Structure formats: C-alpha cells, structure tokens
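Q: This structure is in structure tokens; I'll ask about it shortly.
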Amino acid sequence: NTKFTDFDVQTSATTIVDYSGNHFVRSPKKSAVLGFDYDLPLNAAGKIVVGADFKYQSKQYYFTTNQDNPRLAQNGYTLANARVSYKTADEALIYTVYANNLGDRKYLNHALPGTQGSQGDVSIWGEPRTFGVSVAANWK
C-alpha cells in the first residue's frame with residue numbers, strides 16, 4: 001500500500017498542486033503468483049512436464065499525478081498460462097508447447113498521459129492470448 005506522504009508539483013510560476021496520498025507507479029496493493037509443474041517420467045526416454053501458472057494483481061497506477069484518469073490505471077486482473085514440455089533423459093534438450101494469457105485478457109502494461117496539444121494518452125497493451133513452441137539446449 002505505497003503512497004506519497006509529501007508530493008507537491010509546481011505546475012506554473014504561481015501554482016503548486018499537492019498530490020500527497022497518490023499511489024506509487026506500478027505498485028498494486030495485492031499481487032500473487034501460483035504455479036506448478038508435474039513430471040511424468042518416460043523411463044529412459046526422458047520425461048513430460050505439464051505446467052501452469054496464474055498471476056493476479058490488484059489495481060495499479062501508471063502515472064504519479066493524473067490518478068483520477070481511468071486511462072492511466074489498470075484495474076485488478078488475473079492471467080493464466082499453460083505449457084507441456086518434453087525433456088530428454090539427460091535434459092540436454094527441452095521442447096515446449098505453450099499458451100500464455102489463456103483467457104485473452106485485455107490489460108494495460110503501461111500508460112502515459114498525452115502532452116498538451118497531443119491527440120491523447122498513450123496506452124501500451126499487454127500481450128493477447130499467445131501460442132508458441134520453444135526449444136532449449138543445456139550444456140553441462
């Protein structure tokens with residue numbers, strides 16, 4: 001629960017605005033991550049690993065001043081990811097198929113207010129639902 005205790009901004013030669021009580025940027029009150037991997041041995045052939053993870057975070061703000069602007073904040077959300085991997089017996093190679101953001105949750109990754117005279121605020125969106133494959137090699 002991070003907040004500024006003393007935060008004054010001079011907006012013109014004669015105006016000072018008090019933003020005390022505003023939240024720190026990217027500091028949700030609550031966040032949690034839960035993940036698991038389950039190994040399925042294949043005897044001498046290696047193993048299959050099935051895994052998933054879930055991430056929750058409560059509302060966060062992306063700018064220190066305009067915190068009443070809903071376009072510069074993100075309400076709480078949860079993301080879910082899943083994967084299945086095959087690991088060779090010596091774990092030298094790992095082949096993975098994955099899906100991220102399974103619920104296709106639309107969320108802000110960051111936002112900035114527009115400058116005076118600009119067309120508006122800048123929104124940087126998080127990744128949509130994504131599927132992929134990867135191969136990793138380990139040298140020992």
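Ordering of the structure tokens sets the chain letters (A, B, ...), residue numbers begin anew at 1 in every chain, and ligands are numbered from 1 in the order given.
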Per residue of region 9-47 of chain A within 8 Å of region 62-79 of chain A, what are the shortest atom pair and its distance in Å to one decimal, counting only C-alpha atoms, with rows by chain and residue number, as CSV?

A:
residue,atom,partner,partner_atom,distance
A:Tyr19,CA,A:Thr65,CA,6.5
A:Asn22,CA,A:Thr64,CA,6.7
A:His23,CA,A:Thr64,CA,6.9
A:Phe24,CA,A:Thr64,CA,6.4
A:Val25,CA,A:Tyr62,CA,5.0
A:Arg26,CA,A:Tyr62,CA,5.9

Q: Please produce a file of those selected residues containing N, CA, C and O atoms, as a PDB file, in the first residue's frame.

A:
ATOM      1  N   TYR A  19      -0.150  16.428  -4.461  1.00  0.00           N
ATOM      2  CA  TYR A  19      -0.545  15.066  -4.829  1.00  0.00           C
ATOM      3  C   TYR A  19      -0.239  14.074  -3.709  1.00  0.00           C
ATOM      4  O   TYR A  19      -0.140  12.872  -3.950  1.00  0.00           O
ATOM      5  N   ASN A  22      -1.244  10.092  -3.311  1.00  0.00           N
ATOM      6  CA  ASN A  22      -1.258   9.328  -4.560  1.00  0.00           C
ATOM      7  C   ASN A  22      -0.394   8.075  -4.419  1.00  0.00           C
ATOM      8  O   ASN A  22       0.563   8.034  -3.649  1.00  0.00           O
ATOM      9  N   HIS A  23      -0.729   7.075  -5.190  1.00  0.00           N
ATOM     10  CA  HIS A  23      -0.029   5.792  -5.148  1.00  0.00           C
ATOM     11  C   HIS A  23       1.260   5.835  -5.968  1.00  0.00           C
ATOM     12  O   HIS A  23       1.342   6.553  -6.964  1.00  0.00           O
ATOM     13  N   PHE A  24       2.220   5.026  -5.580  1.00  0.00           N
ATOM     14  CA  PHE A  24       3.423   4.851  -6.390  1.00  0.00           C
ATOM     15  C   PHE A  24       3.006   4.193  -7.710  1.00  0.00           C
ATOM     16  O   PHE A  24       2.021   3.456  -7.772  1.00  0.00           O
ATOM     17  N   VAL A  25       3.789   4.427  -8.744  1.00  0.00           N
ATOM     18  CA  VAL A  25       3.532   3.826 -10.056  1.00  0.00           C
ATOM     19  C   VAL A  25       3.855   2.332 -10.005  1.00  0.00           C
ATOM     20  O   VAL A  25       4.851   1.917  -9.401  1.00  0.00           O
ATOM     21  N   ARG A  26       2.995   1.523 -10.646  1.00  0.00           N
ATOM     22  CA  ARG A  26       3.178   0.070 -10.777  1.00  0.00           C
ATOM     23  C   ARG A  26       3.313  -0.628  -9.426  1.00  0.00           C
ATOM     24  O   ARG A  26       4.131  -1.537  -9.268  1.00  0.00           O
TER      25      ARG A  26
END

Q: If you run DSSP over the backbone, which residues in chain A end up strand (DSSP E or B)? Put them as an NGL selection string.

A: :A and (3 or 8-10 or 16-18 or 23 or 25 or 31-41 or 47-57 or 60-61 or 73-74 or 77-87 or 93-100 or 108-112 or 122-125 or 130-137)

Q: Just want the 7 Å neighbourhood of Asn109 (chain A), counted on only C-alpha atoms, with same-chain residues fewer than 3 positions away dropped. Output as a PyMOL selection string.

A: chain A and resi 124-126

Q: Nearest to Val97 (chain A) among A:Gly120, A:Gly114, A:Pro128, A:Gly51, with distances taken over only C-alpha atoms: which residue is it?

A: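 The answer is A:Gly51, which sits nearest to Val97 (chain A).
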
Q: Have a look at A:Ile48, A:Lys55, A:Trp139, A:Ser31 and name the one nearest to Thr96 (chain A); count only C-alpha atoms.

A: A:Ile48

Q: Please, what distance in Å, to one decimal, runs between CA of Ser134 (chain A) and CA of Tyr95 (chain A)?

A: 5.9 Å

Q: Do you have the CA of Pro41 (chain A)-CA of Asn100 (chain A) distance handy?

A: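 Straight-line distance from CA of Pro41 (chain A) to CA of Asn100 (chain A) works out to 24.8 Å.
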